[in-house]
>>> print(open('coords-v8.txt').read())   # compact mmCIF, C-alpha atoms and all ligand atoms
# COMPACT_ATOMS: atom_id res chain seq x y z
CA MET A 259 14.42 -14.73 15.81
CA THR A 260 12.28 -11.62 16.08
CA PRO A 261 10.25 -11.19 12.88
CA THR A 262 10.39 -8.05 10.79
CA PRO A 263 7.20 -6.02 11.31
CA ALA A 264 4.73 -5.55 8.48
CA GLN A 265 3.85 -2.09 7.12
CA THR A 266 1.02 -0.97 4.87
CA ILE A 267 1.36 -1.58 1.14
CA GLY A 268 0.40 2.09 0.63
CA PRO A 269 -1.26 3.45 -2.51
CA PHE A 270 1.65 3.31 -4.99
CA TYR A 271 2.44 -0.38 -5.50
CA GLY A 272 0.68 -0.35 -8.87
CA TYR A 273 3.70 -0.20 -11.17
CA ALA A 274 5.59 -2.83 -9.15
CA LEU A 275 3.33 -5.68 -8.05
CA PRO A 276 0.34 -6.33 -10.35
CA PHE A 277 1.19 -8.12 -13.59
CA THR A 278 -0.66 -8.95 -16.77
CA GLY A 279 -2.64 -12.15 -16.33
CA GLY A 280 -2.19 -12.04 -12.56
CA GLY A 281 -5.83 -13.04 -12.05
CA ASP A 282 -5.79 -15.86 -14.60
CA ILE A 283 -4.50 -18.84 -12.63
CA ALA A 284 -6.13 -21.31 -15.01
CA GLY A 285 -8.71 -21.34 -17.78
CA GLY A 286 -11.65 -23.62 -18.35
CA GLY A 287 -12.82 -23.56 -14.75
CA ILE A 288 -14.59 -20.95 -12.70
CA VAL A 289 -14.73 -17.17 -12.32
CA VAL A 290 -14.68 -15.76 -8.80
CA HIS A 291 -15.19 -12.03 -8.43
CA GLY A 292 -16.29 -9.42 -5.92
CA HIS A 293 -15.71 -6.08 -4.26
CA VAL A 294 -13.64 -5.05 -1.28
CA TYR A 295 -15.48 -2.68 1.09
CA ASP A 296 -14.32 -0.57 4.03
CA GLY A 297 -16.17 -0.06 7.32
CA ALA A 298 -18.40 2.61 5.78
CA GLY A 299 -19.39 0.33 2.91
CA VAL A 300 -17.27 2.29 0.46
CA PRO A 301 -15.43 0.21 -2.18
CA VAL A 302 -11.67 0.01 -1.62
CA SER A 303 -10.05 1.04 -4.88
CA ASP A 304 -6.45 0.43 -3.85
CA ALA A 305 -6.47 -3.07 -2.40
CA LEU A 306 -4.28 -5.89 -3.66
CA LEU A 307 -5.47 -9.50 -3.42
CA GLU A 308 -3.25 -12.53 -3.65
CA PHE A 309 -4.50 -16.08 -4.09
CA TRP A 310 -2.86 -19.42 -3.37
CA GLN A 311 -4.57 -22.71 -4.04
CA ALA A 312 -4.27 -26.41 -4.73
CA ASP A 313 -4.80 -27.76 -8.21
CA ALA A 314 -7.99 -29.62 -9.13
CA ALA A 315 -6.58 -32.83 -7.65
CA GLY A 316 -5.67 -31.14 -4.35
CA GLY A 317 -1.93 -30.89 -5.02
CA LEU A 318 -0.11 -27.95 -3.43
CA GLY A 319 3.05 -28.14 -5.54
CA GLY A 320 2.46 -25.03 -7.62
CA ALA A 321 5.08 -24.45 -10.32
CA PRO A 322 7.13 -21.27 -10.76
CA GLY A 323 6.32 -18.95 -13.67
CA SER A 324 3.33 -16.91 -12.46
CA MET A 325 5.02 -13.70 -13.66
CA ARG A 326 7.15 -15.18 -16.42
CA ARG A 327 9.29 -12.53 -18.17
CA ASP A 328 10.44 -12.12 -21.72
CA PRO A 329 14.24 -12.22 -21.31
CA VAL A 330 14.66 -9.88 -24.31
CA THR A 331 12.41 -7.00 -23.24
CA GLY A 332 11.87 -7.81 -19.56
CA ALA A 333 8.10 -7.49 -20.11
CA VAL A 334 5.64 -9.99 -18.64
CA ALA A 335 5.41 -12.87 -21.08
CA GLY A 336 2.41 -14.58 -19.50
CA ARG A 337 2.06 -17.94 -17.82
CA ASP A 338 2.95 -21.15 -19.54
CA PRO A 339 -0.48 -22.80 -19.86
CA ALA A 340 1.15 -26.21 -19.41
CA SER A 341 2.10 -25.51 -15.80
CA PHE A 342 -0.16 -24.73 -12.86
CA THR A 343 1.38 -22.18 -10.48
CA GLY A 344 -1.51 -21.92 -7.99
CA PHE A 345 -0.73 -18.22 -7.44
CA GLY A 346 -2.74 -15.19 -8.48
CA ARG A 347 -2.45 -11.46 -7.81
CA VAL A 348 -5.08 -8.83 -8.63
CA ALA A 349 -5.37 -5.15 -7.73
CA THR A 350 -8.90 -3.83 -7.24
CA ASP A 351 -10.25 -1.53 -9.95
CA ALA A 352 -11.30 2.08 -9.34
CA ASP A 353 -14.68 0.68 -8.22
CA GLY A 354 -13.14 -1.77 -5.76
CA HIS A 355 -13.85 -4.80 -7.94
CA TRP A 356 -11.60 -7.79 -8.66
CA THR A 357 -11.88 -10.95 -10.77
CA LEU A 358 -10.11 -14.31 -10.63
CA ARG A 359 -10.22 -17.10 -13.21
CA THR A 360 -9.16 -20.50 -11.94
CA VAL A 361 -10.16 -24.11 -11.30
CA VAL A 362 -11.90 -25.46 -8.21
CA PRO A 363 -9.10 -26.62 -5.88
CA GLY A 364 -9.26 -30.24 -4.79
CA ASN A 365 -9.13 -29.30 -1.09
CA GLY A 366 -12.18 -27.04 -1.39
CA TYR A 367 -10.87 -23.55 -0.71
CA ILE A 368 -8.78 -20.76 -2.24
CA SER A 369 -6.50 -18.91 0.22
CA VAL A 370 -6.60 -15.11 0.04
CA CYS A 371 -4.08 -12.59 1.33
CA LEU A 372 -5.37 -9.01 1.33
CA PHE A 373 -3.31 -5.82 1.29
CA ALA A 374 -4.49 -2.20 1.13
CA ARG A 375 -3.57 1.38 1.86
CA GLY A 376 -4.73 1.98 5.41
CA LEU A 377 -4.32 -1.70 6.30
CA LEU A 378 -1.13 -1.82 8.36
CA HIS A 379 -0.78 -5.62 8.37
CA HIS A 380 -2.19 -7.88 5.68
CA LEU A 381 -5.18 -10.15 6.35
CA TYR A 382 -5.89 -13.77 5.37
CA THR A 383 -9.22 -15.26 4.47
CA ARG A 384 -10.52 -18.20 2.41
CA ILE A 385 -12.97 -18.63 -0.44
CA TYR A 386 -14.78 -21.92 0.23
CA LEU A 387 -16.04 -23.77 -2.83
CA GLY A 388 -16.46 -26.93 -0.77
CA ARG A 389 -16.63 -27.67 2.96
CA ASP A 390 -14.22 -28.87 5.60
CA SER A 391 -14.12 -29.25 9.38
CA PHE A 392 -12.79 -25.72 9.85
CA LEU A 393 -15.66 -24.14 7.93
CA ASP A 394 -18.14 -26.35 9.78
CA SER A 395 -16.64 -25.29 13.13
CA LEU A 396 -17.61 -21.64 12.57
CA PRO A 397 -20.92 -20.11 13.61
CA PRO A 398 -23.17 -19.59 10.57
CA GLU A 399 -22.81 -15.80 10.50
CA ARG A 400 -19.05 -16.24 10.17
CA SER A 401 -18.89 -19.22 7.80
CA ARG A 402 -21.30 -17.34 5.53
CA THR A 403 -18.60 -14.70 4.93
CA LEU A 404 -16.23 -17.39 3.60
CA THR A 405 -18.76 -18.89 1.21
CA PRO A 406 -19.20 -17.28 -2.21
CA VAL A 407 -22.61 -16.84 -3.81
CA ALA A 408 -23.19 -18.83 -7.00
CA GLU A 409 -24.35 -16.34 -9.61
CA GLY A 410 -24.61 -18.60 -12.57
CA ARG A 411 -22.88 -21.52 -14.04
CA ASP A 412 -19.25 -21.46 -12.84
CA ILE A 413 -19.48 -17.83 -11.69
CA TYR A 414 -19.17 -17.00 -8.00
CA ARG A 415 -19.35 -13.71 -6.14
CA PHE A 416 -17.19 -13.18 -3.05
CA ASP A 417 -17.28 -9.74 -1.41
CA ILE A 418 -14.79 -8.85 1.30
CA HIS A 419 -15.84 -6.48 4.10
CA LEU A 420 -12.91 -5.14 6.09
CA GLN A 421 -15.10 -3.91 8.94
CA GLY A 422 -18.70 -3.65 10.09
CA GLU A 423 -21.77 -5.84 10.30
CA LYS A 424 -20.85 -7.96 7.31
CA GLU A 425 -17.21 -8.16 8.35
CA THR A 426 -15.39 -11.05 6.68
CA ALA A 427 -13.85 -13.73 8.91
CA PHE A 428 -10.09 -13.18 8.81
CA LEU A 429 -7.72 -15.94 9.80
CA ASP A 430 -4.67 -16.30 12.02
CA PHE A 431 -2.16 -19.11 11.48
CA GLY A 432 -0.03 -18.52 14.58
CA MET B 1333 3.20 28.51 -1.29
CA PRO B 1334 3.25 25.16 0.44
CA PRO B 1335 3.80 22.17 -1.79
CA ARG B 1336 0.81 20.14 -2.83
CA ALA B 1337 0.78 16.90 -0.97
CA THR B 1338 0.68 13.43 -2.43
CA THR B 1339 -2.67 11.71 -2.67
CA PRO B 1340 -2.20 8.79 -0.30
CA ASP B 1341 -4.48 8.83 2.67
CA LEU B 1342 -5.94 12.19 1.75
CA PRO B 1343 -8.25 13.07 4.62
CA HIS B 1344 -10.88 14.71 2.43
CA THR B 1345 -11.80 11.52 0.58
CA GLN B 1346 -13.91 8.48 1.27
CA ALA B 1347 -11.40 7.32 3.85
CA ASP B 1348 -12.70 9.97 6.20
CA ALA B 1349 -16.38 9.60 5.49
CA GLY B 1350 -18.52 9.52 8.58
CA LEU B 1351 -15.72 10.37 10.98
CA LYS B 1352 -15.99 14.12 11.13
CA GLY B 1353 -17.60 13.97 14.54
CA ALA B 1354 -14.99 11.76 16.23
CA PRO B 1355 -15.17 13.17 19.75
CA ASP B 1356 -11.58 12.96 20.95
CA ARG B 1357 -9.90 14.47 17.90
CA PRO B 1358 -9.81 17.89 16.30
CA PRO B 1359 -11.63 18.17 12.94
CA ALA B 1360 -9.74 17.06 9.83
CA GLY B 1361 -7.53 19.72 8.34
CA THR B 1362 -6.47 21.22 11.63
CA VAL B 1363 -4.64 18.22 13.07
CA THR B 1364 -1.00 19.15 13.60
CA GLN B 1365 2.09 17.00 13.90
CA ALA B 1366 2.10 17.75 17.63
CA ASP B 1367 -1.45 16.35 17.88
CA ILE B 1368 -0.38 13.19 16.06
CA ASP B 1369 2.74 12.83 18.21
CA ARG B 1370 0.55 13.05 21.33
CA GLU B 1371 -1.88 10.45 20.00
CA ILE B 1372 1.04 8.13 19.21
CA ALA B 1373 2.54 8.54 22.67
CA GLY B 1374 -0.81 7.74 24.26
CA LEU B 1375 -1.23 4.56 22.20
CA HIS B 1376 2.32 3.43 22.90
CA ALA B 1377 1.66 3.81 26.62
CA ALA B 1378 -1.61 1.90 26.29
CA HIS B 1379 -0.11 -0.97 24.23
CA PRO B 1380 3.34 -1.71 25.68
CA GLU B 1381 3.24 -5.43 24.77
CA SER B 1382 1.29 -5.59 21.54
CA GLY B 1383 3.74 -7.74 19.61
CA VAL B 1384 6.07 -7.14 16.72
CA HIS B 1385 3.53 -6.23 14.05
CA PRO B 1386 1.70 -2.91 13.77
CA LEU B 1387 -1.69 -2.44 15.38
CA ARG B 1388 -4.24 -2.62 12.57
CA ASP B 1389 -6.39 -0.16 14.50
CA PHE B 1390 -4.04 2.81 14.81
CA PRO B 1391 -6.03 6.07 14.62
CA PRO B 1392 -3.00 8.38 14.18
CA TYR B 1393 -2.77 6.73 10.74
CA ARG B 1394 -6.15 8.07 9.70
CA SER B 1395 -6.76 5.65 6.83
CA SER B 1396 -6.58 2.68 9.20
CA ARG B 1397 -9.83 3.63 10.92
CA LEU B 1398 -12.24 2.10 8.41
CA ARG B 1399 -9.84 -0.50 7.09
CA HIS B 1400 -9.26 -2.82 10.03
CA PRO B 1401 -11.49 -5.65 11.28
CA ARG B 1402 -13.10 -5.15 14.68
CA ARG B 1403 -13.64 -8.83 15.33
CA ALA B 1404 -10.85 -11.12 16.50
CA LEU B 1405 -9.03 -13.17 13.88
CA VAL B 1406 -10.08 -16.83 13.76
CA ALA B 1407 -7.26 -19.24 14.64
CA VAL B 1408 -6.50 -21.98 12.11
CA ARG B 1409 -4.34 -24.76 13.58
CA ASP B 1410 -4.67 -27.34 10.83
CA PRO B 1411 -1.41 -29.13 9.94
CA ASP B 1412 -2.81 -29.68 6.45
CA ALA B 1413 -3.73 -26.04 5.85
CA ALA B 1414 -2.88 -24.96 2.30
CA GLU B 1415 -1.36 -21.77 3.71
CA LEU B 1416 1.52 -23.78 5.22
CA THR B 1417 2.75 -24.13 1.65
CA GLY B 1418 3.01 -21.32 -0.86
CA PRO B 1419 3.82 -20.17 -4.36
CA VAL B 1420 7.33 -20.52 -5.74
CA PHE B 1421 9.11 -18.34 -8.25
CA GLY B 1422 12.07 -19.08 -10.46
CA VAL B 1423 14.50 -17.82 -13.04
CA THR B 1424 11.71 -17.33 -15.56
CA ASP B 1425 9.98 -14.81 -13.27
CA VAL B 1426 12.80 -12.25 -13.10
CA THR B 1427 15.53 -10.93 -15.37
CA PRO B 1428 18.98 -10.04 -14.01
CA LEU B 1429 18.46 -6.36 -14.83
CA ASP B 1430 15.40 -6.24 -12.54
CA ALA B 1431 17.67 -5.89 -9.48
CA ASP B 1432 19.31 -2.68 -10.73
CA LEU B 1433 16.83 0.21 -10.71
CA THR B 1434 19.45 2.61 -12.08
CA ARG B 1435 19.82 0.81 -15.45
CA ARG B 1436 16.26 0.63 -16.70
CA HIS B 1437 16.22 3.70 -18.92
CA LEU B 1438 18.34 5.55 -21.46
CA HIS B 1439 19.05 8.16 -18.79
CA GLU B 1440 20.59 7.37 -15.45
CA PRO B 1441 18.48 8.54 -12.51
CA LEU B 1442 19.31 11.59 -10.45
CA GLY B 1443 20.10 11.03 -6.80
CA GLU B 1444 22.43 9.27 -4.43
CA ARG B 1445 23.31 5.81 -5.80
CA ILE B 1446 22.94 3.13 -3.10
CA THR B 1447 22.98 -0.62 -2.72
CA VAL B 1448 20.61 -2.37 -0.33
CA GLN B 1449 21.41 -5.96 0.56
CA GLY B 1450 20.63 -8.44 3.26
CA ARG B 1451 19.42 -11.88 4.14
CA VAL B 1452 15.90 -13.29 4.31
CA THR B 1453 15.31 -15.96 6.94
CA ASP B 1454 12.28 -17.52 8.58
CA ARG B 1455 11.68 -17.09 12.32
CA ASP B 1456 13.70 -20.24 13.03
CA GLY B 1457 16.71 -18.65 11.30
CA ARG B 1458 16.56 -20.81 8.18
CA PRO B 1459 17.45 -19.02 4.94
CA VAL B 1460 14.61 -18.41 2.47
CA ARG B 1461 16.19 -19.75 -0.67
CA ARG B 1462 15.49 -18.78 -4.29
CA GLN B 1463 12.37 -16.86 -3.43
CA LEU B 1464 10.97 -13.60 -4.79
CA VAL B 1465 11.77 -10.15 -3.36
CA GLU B 1466 10.05 -7.11 -4.88
CA ILE B 1467 10.63 -3.42 -4.12
CA TRP B 1468 9.15 -0.06 -5.12
CA GLN B 1469 10.00 3.48 -4.13
CA ALA B 1470 9.76 7.20 -4.86
CA ASN B 1471 12.50 8.91 -6.86
CA ALA B 1472 15.19 11.11 -5.29
CA ALA B 1473 12.77 14.05 -5.21
CA GLY B 1474 10.08 12.09 -3.36
CA ARG B 1475 7.75 11.46 -6.31
CA TYR B 1476 6.30 8.12 -7.42
CA ARG B 1477 5.80 7.30 -11.07
CA HIS B 1478 2.11 6.80 -10.42
CA GLN B 1479 -0.78 8.86 -11.73
CA GLY B 1480 -2.17 9.17 -8.24
CA ASP B 1481 0.91 10.97 -6.92
CA ASP B 1482 0.39 14.71 -7.37
CA HIS B 1483 3.28 15.88 -5.19
CA SER B 1484 4.82 18.88 -6.96
CA ALA B 1485 8.26 17.29 -7.19
CA PRO B 1486 9.70 16.34 -10.58
CA LEU B 1487 9.40 12.94 -12.19
CA ASP B 1488 12.73 11.53 -13.34
CA PRO B 1489 12.88 10.13 -16.91
CA GLY B 1490 15.69 7.88 -15.69
CA PHE B 1491 13.74 6.23 -12.91
CA THR B 1492 10.66 4.05 -12.54
CA GLY B 1493 11.33 2.79 -9.02
CA ALA B 1494 10.32 -0.88 -9.23
CA GLY B 1495 12.65 -3.87 -8.90
CA ARG B 1496 12.68 -7.59 -8.12
CA CYS B 1497 15.13 -10.41 -7.57
CA LEU B 1498 15.38 -13.95 -6.27
CA THR B 1499 17.27 -14.72 -3.08
CA ASP B 1500 20.31 -16.96 -3.45
CA ASP B 1501 21.00 -20.26 -1.69
CA GLU B 1502 21.86 -18.42 1.54
CA GLY B 1503 18.73 -16.28 1.37
CA ARG B 1504 20.64 -13.16 0.28
CA TYR B 1505 19.19 -10.42 -1.89
CA ALA B 1506 20.76 -7.24 -3.32
CA PHE B 1507 19.44 -4.18 -5.14
CA THR B 1508 21.12 -1.17 -6.71
CA THR B 1509 18.96 1.96 -6.67
CA ILE B 1510 18.96 5.59 -5.56
CA ARG B 1511 18.01 6.87 -2.14
CA PRO B 1512 14.34 7.88 -2.26
CA GLY B 1513 13.22 11.31 -1.12
CA ALA B 1514 10.82 12.03 1.72
CA TYR B 1515 7.36 13.06 0.57
CA PRO B 1516 4.34 14.90 1.94
CA TRP B 1517 1.00 13.22 2.48
CA ARG B 1518 -2.37 14.34 3.79
CA ASN B 1519 -2.71 12.40 7.00
CA HIS B 1520 -2.57 15.70 8.93
CA VAL B 1521 -1.27 19.24 8.38
CA ASN B 1522 2.37 19.26 7.25
CA ALA B 1523 2.65 15.47 7.29
CA TRP B 1524 5.79 13.93 5.74
CA ARG B 1525 6.72 10.30 5.26
CA PRO B 1526 10.33 9.46 6.10
CA ALA B 1527 12.38 8.16 3.16
CA HIS B 1528 11.53 4.49 2.64
CA ILE B 1529 11.66 1.58 0.21
CA HIS B 1530 8.61 -0.71 0.03
CA PHE B 1531 9.46 -4.43 0.19
CA SER B 1532 7.38 -7.51 -0.66
CA LEU B 1533 8.61 -10.96 0.37
CA PHE B 1534 7.56 -14.59 0.06
CA GLY B 1535 8.66 -17.43 2.32
CA THR B 1536 8.15 -21.14 1.84
CA ALA B 1537 4.60 -20.79 3.17
CA PHE B 1538 1.80 -18.37 2.31
CA THR B 1539 1.56 -17.67 6.08
CA GLN B 1540 5.01 -16.04 5.85
CA ARG B 1541 3.98 -13.42 3.33
CA LEU B 1542 5.35 -9.99 4.22
CA VAL B 1543 4.85 -6.51 2.80
CA THR B 1544 6.77 -3.86 4.70
CA GLN B 1545 8.90 -0.71 4.39
CA MET B 1546 12.62 -0.17 4.93
CA TYR B 1547 13.72 3.13 6.48
CA PHE B 1548 17.07 4.92 6.58
CA PRO B 1549 19.13 5.44 9.75
CA GLY B 1550 19.25 8.93 11.21
CA ASP B 1551 16.17 10.22 9.38
CA PRO B 1552 14.61 12.91 11.63
CA LEU B 1553 11.16 12.10 10.24
CA LEU B 1554 11.23 8.63 11.83
CA ALA B 1555 10.17 10.19 15.14
CA HIS B 1556 6.94 11.55 13.66
CA ASP B 1557 5.62 8.89 11.29
CA PRO B 1558 2.32 7.25 12.33
CA VAL B 1559 2.83 4.34 9.89
CA LEU B 1560 6.14 3.36 11.49
CA HIS B 1561 4.81 4.04 14.99
CA ALA B 1562 1.84 1.72 14.50
CA VAL B 1563 4.54 -0.76 15.56
CA THR B 1564 4.34 0.11 19.25
CA ASP B 1565 7.45 -1.81 20.35
CA GLU B 1566 10.60 0.31 20.05
CA ARG B 1567 12.92 -2.62 19.32
CA ALA B 1568 10.55 -3.95 16.68
CA ARG B 1569 10.52 -0.51 15.01
CA GLN B 1570 14.30 -0.58 14.90
CA ARG B 1571 14.08 -3.76 12.81
CA LEU B 1572 12.60 -1.62 10.02
CA VAL B 1573 15.62 0.70 9.88
CA ALA B 1574 18.51 -0.38 7.66
CA ALA B 1575 22.15 -0.07 8.78
CA TYR B 1576 24.69 2.01 6.89
CA GLU B 1577 27.75 -0.22 6.43
CA HIS B 1578 30.80 1.53 5.13
CA ASP B 1579 32.36 -1.71 3.87
CA LEU B 1580 29.36 -2.13 1.58
CA SER B 1581 29.99 1.25 -0.03
CA VAL B 1582 31.84 1.08 -3.34
CA PRO B 1583 34.60 3.69 -3.88
CA GLU B 1584 33.48 6.52 -6.15
CA TRP B 1585 30.27 4.64 -6.94
CA SER B 1586 27.65 3.89 -4.25
CA LEU B 1587 26.74 3.94 -0.56
CA GLY B 1588 25.95 0.61 1.09
CA TYR B 1589 23.06 -0.34 3.35
CA ARG B 1590 22.30 -3.67 4.98
CA TRP B 1591 18.81 -4.79 5.90
CA ASP B 1592 18.12 -8.34 7.08
CA ILE B 1593 14.54 -9.59 7.06
CA VAL B 1594 12.92 -12.26 9.25
CA LEU B 1595 9.61 -13.67 8.01
CA ASP B 1596 6.92 -14.50 10.56
CA GLY B 1597 4.47 -17.39 10.34
CA PRO B 1598 4.60 -21.19 10.42
CA ALA B 1599 5.53 -23.43 7.50
CA ALA B 1600 5.05 -27.08 6.68
CA THR B 1601 8.11 -28.89 8.01
CA TRP B 1602 8.66 -30.82 4.81
CA THR B 1603 9.49 -27.62 2.96
CA GLU B 1604 12.70 -27.21 4.96
CA GLU B 1605 14.87 -29.05 2.47
CA GLY B 1606 12.45 -29.32 -0.42
CA ARG B 1607 12.42 -25.71 -1.50
FE FE C 1701 5.71 5.04 0.02
>>> encode(input="coords-v8.txt", output="structure tokens")
Amino acid sequence: MTPTPAQTIGPFYGYALPFTGGGDIAGGGIVVHGHVYDGAGVPVSDALLEFWQADAAGGLGGAPGSMRRDPVTGAVAGRDPASFTGFGRVATDADGHWTLRTVVPGNGYISVCLFARGLLHHLYTRIYLGRDSFLDSLPPERSRTLTPVAEGRDIYRFDIHLQGEKETAFLDFG
Amino acid sequence: MPPRATTPDLPHTQADAGLKGAPDRPPAGTVTQADIDREIAGLHAAHPESGVHPLRDFPPYRSSRLRHPRRALVAVRDPDAAELTGPVFGVTDVTPLDADLTRRHLHEPLGERITVQGRVTDRDGRPVRRQLVEIWQANAAGRYRHQGDDHSAPLDPGFTGAGRCLTDDEGRYAFTTIRPGAYPWRNHVNAWRPAHIHFSLFGTAFTQRLVTQMYFPGDPLLAHDPVLHAVTDERARQRLVAAYEHDLSVPEWSLGYRWDIVLDGPAATWTEEGR
């Protein structure tokens, strides 16, 4: 069947998609944060990042409940800390910055799906906290863009460049 | 006095930095709809077979210029890739009222009450079961409830414009809302977006993620919209236009639209029955 085409997320998703605690997949682990930049090096203040990852043991069976609602008020009730959903969603701030709190996935990378005004079709990339044969297959100037910089104990910086000399390696799954 | 335009894609901001001297285009602020239509026609002629998805580099949509990668995407063909699985959502993630955007406030919204329903399948035709669908839209006057929207159309105290639901066991979704208005934007002089509802969908795999926009049949603005026309294939563009179905209209209540959605991207085969 012919797929439905993508369209840009536009600038006005803010009251529909982000949710409280969207960037807090799990506590007690690591913080990954960074900026999103356009081709002129200007921070992108209206990007939305989504994250999908394995749990610490490498399991990809994330539970439901990332945006658990209070059935009385309909407001976001927050995740149940007893279940690992593996999913995060964060909008960039006015300065193009985002932050994710999570655990190191057992398979070594966090999958990222990036949306933004001006981006007509979303882009995938990966945050590598370990290594695998795919990362090793890339030339160094490309694998470098998938590898966060350790800034301190359990804090990693991962900037995304949509275009230009530091352009992030974006992925195609066919 | 012409209406103030909405903020998206405003050509006088950062999105335009460094592009004032682009050689083949008039300076920002003087680009007319006819200029944009000509640019679109040229790109459609140059990209007759560019696939179902929009070109990420589509200069008639001015904000795309600095926000698309220039290097080719890197192919991942790993059967164990995490992206062949994906997040799941359940009954705790939505409330039944979330699917009716007309019943979220003390006041009912102004506008033409509509229902939008359809089926979500993967590209092999399998239904996407019990998965999350999210929508957002402008009100009937073409204004978003967002601080960044400065279009001089009224806000509606009866309307926020955000909804969500889970598909059923056949992959069906349904929303009750009002028909959104068209709105101006600053892509070029006298630029107007056709009426549309933004949709966000999940499949069984993260590779099937889709964010898109649903348009309304017969809208004269469809011919002029650079966002829609970034999809260069005419038949693919038609997939973004809902169908009016009279049998879906409810007497003395609402007008009915159908819009079926097919998610692209591979999935792990074991998810077929599992989720
Ligand atoms: Fe919109």
>>> residues_near_ligand(input="coords-v8.txt", ligand="ligand FE 1701 (chain C)", cutoff="10 Å", atoms="only C-alpha atoms and all ligand atoms", output="PyMOL selection string")
(chain A and resi 266-271) or (chain B and resi 1340+1468-1470+1474-1476+1512-1515+1517+1525-1530+1545-1546)
>>> residues_around(input="coords-v8.txt", residues="range 1500-1503 of chain B", least_positions_apart="2", cutoff="12 Å", atoms="all atoms listed in the file", output="JSON, numbers by chain")
{"B": [1422, 1423, 1449, 1450, 1451, 1452, 1453, 1454, 1457, 1458, 1459, 1460, 1461, 1462, 1463, 1464, 1465, 1497, 1498, 1505, 1506, 1533, 1534, 1535, 1536, 1592, 1593, 1594, 1595, 1605, 1607]}
>>> interface_residues(input="coords-v8.txt", of="chain B", to="chain A", cutoff="7 Å", atoms="only C-alpha atoms", output="ChimeraX atom specification")
/B:1340,1384-1386,1388,1395-1396,1398-1402,1405-1409,1414-1415,1417-1422,1424-1427,1455-1457,1468,1478,1494,1539,1542-1545,1568,1571-1572,1593-1598
>>> atom_distance(input="coords-v8.txt", atom1="CA of Gly364 in chain A", atom2="CA of Pro406 in chain A")
16.5 Å
>>> atom_distance(input="coords-v8.txt", atom1="CA of Ala1523 in chain B", atom2="CA of Leu1553 in chain B")
9.6 Å
>>> axis_aligned_box(input="coords-v8.txt", around="range 310-322 of chain A", padding_each_side="4 Å", output="AutoDock Vina command-line options")
--center_x -0.4 --center_y -26.1 --center_z -7.1 --size_x 23.1 --size_y 21.4 --size_z 15.4
>>> atom_distance(input="coords-v8.txt", atom1="CA of Arg1445 in chain B", atom2="CA of Ala1473 in chain B")
13.4 Å
>>> closest_residue(input="coords-v8.txt", among="A:Asp390, A:Ile418, A:Ala314, A:Asp338", to="Thr403 in chain A", atoms="all atoms listed in the file")
A:Ile418
>>> closest_residue(input="coords-v8.txt", among="A:Asp304, A:Asp282, A:Glu409, A:Glu399", to="Asp353 in chain A", atoms="only C-alpha atoms")
A:Asp304
>>> closest_residue(input="coords-v8.txt", among="B:Phe1531, B:Val1563, B:Ala1373, B:Asp1430", to="Trp1591 in chain B", atoms="only C-alpha atoms")
B:Phe1531
>>> residues_around(input="coords-v8.txt", residues="His1379 in chain B", least_positions_apart="4", cutoff="9 Å", atoms="only C-alpha atoms", output="compact mmCIF listing (two decimals) with C-alpha atoms, keeping the file's coordinate frame")
# COMPACT_ATOMS: atom_id res chain seq x y z
CA GLY B 1374 -0.81 7.74 24.26
CA LEU B 1375 -1.23 4.56 22.20
CA THR B 1564 4.34 0.11 19.25
CA ASP B 1565 7.45 -1.81 20.35
>>> residues_near_point(input="coords-v8.txt", point="(25.3, 11.1, 1.9)", cutoff="12 Å", atoms="only C-alpha atoms", output="list in words")
Gly1443, Glu1444, Arg1445, Ile1446, Ile1510, Arg1511, Phe1548, Pro1549, Gly1550, Asp1551, Tyr1576, His1578, Ser1581, Ser1586, Leu1587, Gly1588 and Tyr1589 of chain B
>>> residues_around(input="coords-v8.txt", residues="Val1521 in chain B", least_positions_apart="4", cutoff="8 Å", atoms="all atoms listed in the file", output="ChimeraX atom specification")
/B:1361-1365
>>> closest_residue(input="coords-v8.txt", among="A:Pro363, A:Pro339, A:Gly292, A:Gly388", to="Ile413 in chain A", atoms="only C-alpha atoms")
A:Gly292
>>> build_atoms(input="coords-v8.txt", residues="range 1527-1533 of chain B", atoms="N, CA and C atoms", output="CSV table (one decimal), in the frame of the given file")
chain,number,residue,atom,x,y,z
B,1527,ALA,N,11.9,8.9,4.3
B,1527,ALA,CA,12.4,8.2,3.2
B,1527,ALA,C,12.2,6.7,3.4
B,1528,HIS,N,11.7,5.9,2.4
B,1528,HIS,CA,11.5,4.5,2.6
B,1528,HIS,C,11.5,3.8,1.3
B,1529,ILE,N,11.8,2.5,1.4
B,1529,ILE,CA,11.7,1.6,0.2
B,1529,ILE,C,10.6,0.5,0.6
B,1530,HIS,N,9.6,0.3,-0.2
B,1530,HIS,CA,8.6,-0.7,0.0
B,1530,HIS,C,9.2,-2.1,-0.4
B,1531,PHE,N,9.0,-3.1,0.5
B,1531,PHE,CA,9.5,-4.4,0.2
B,1531,PHE,C,8.3,-5.4,0.2
B,1532,SER,N,8.3,-6.4,-0.7
B,1532,SER,CA,7.4,-7.5,-0.7
B,1532,SER,C,8.2,-8.8,-0.7
B,1533,LEU,N,7.8,-9.7,0.2
B,1533,LEU,CA,8.6,-11.0,0.4
B,1533,LEU,C,7.7,-12.2,0.5
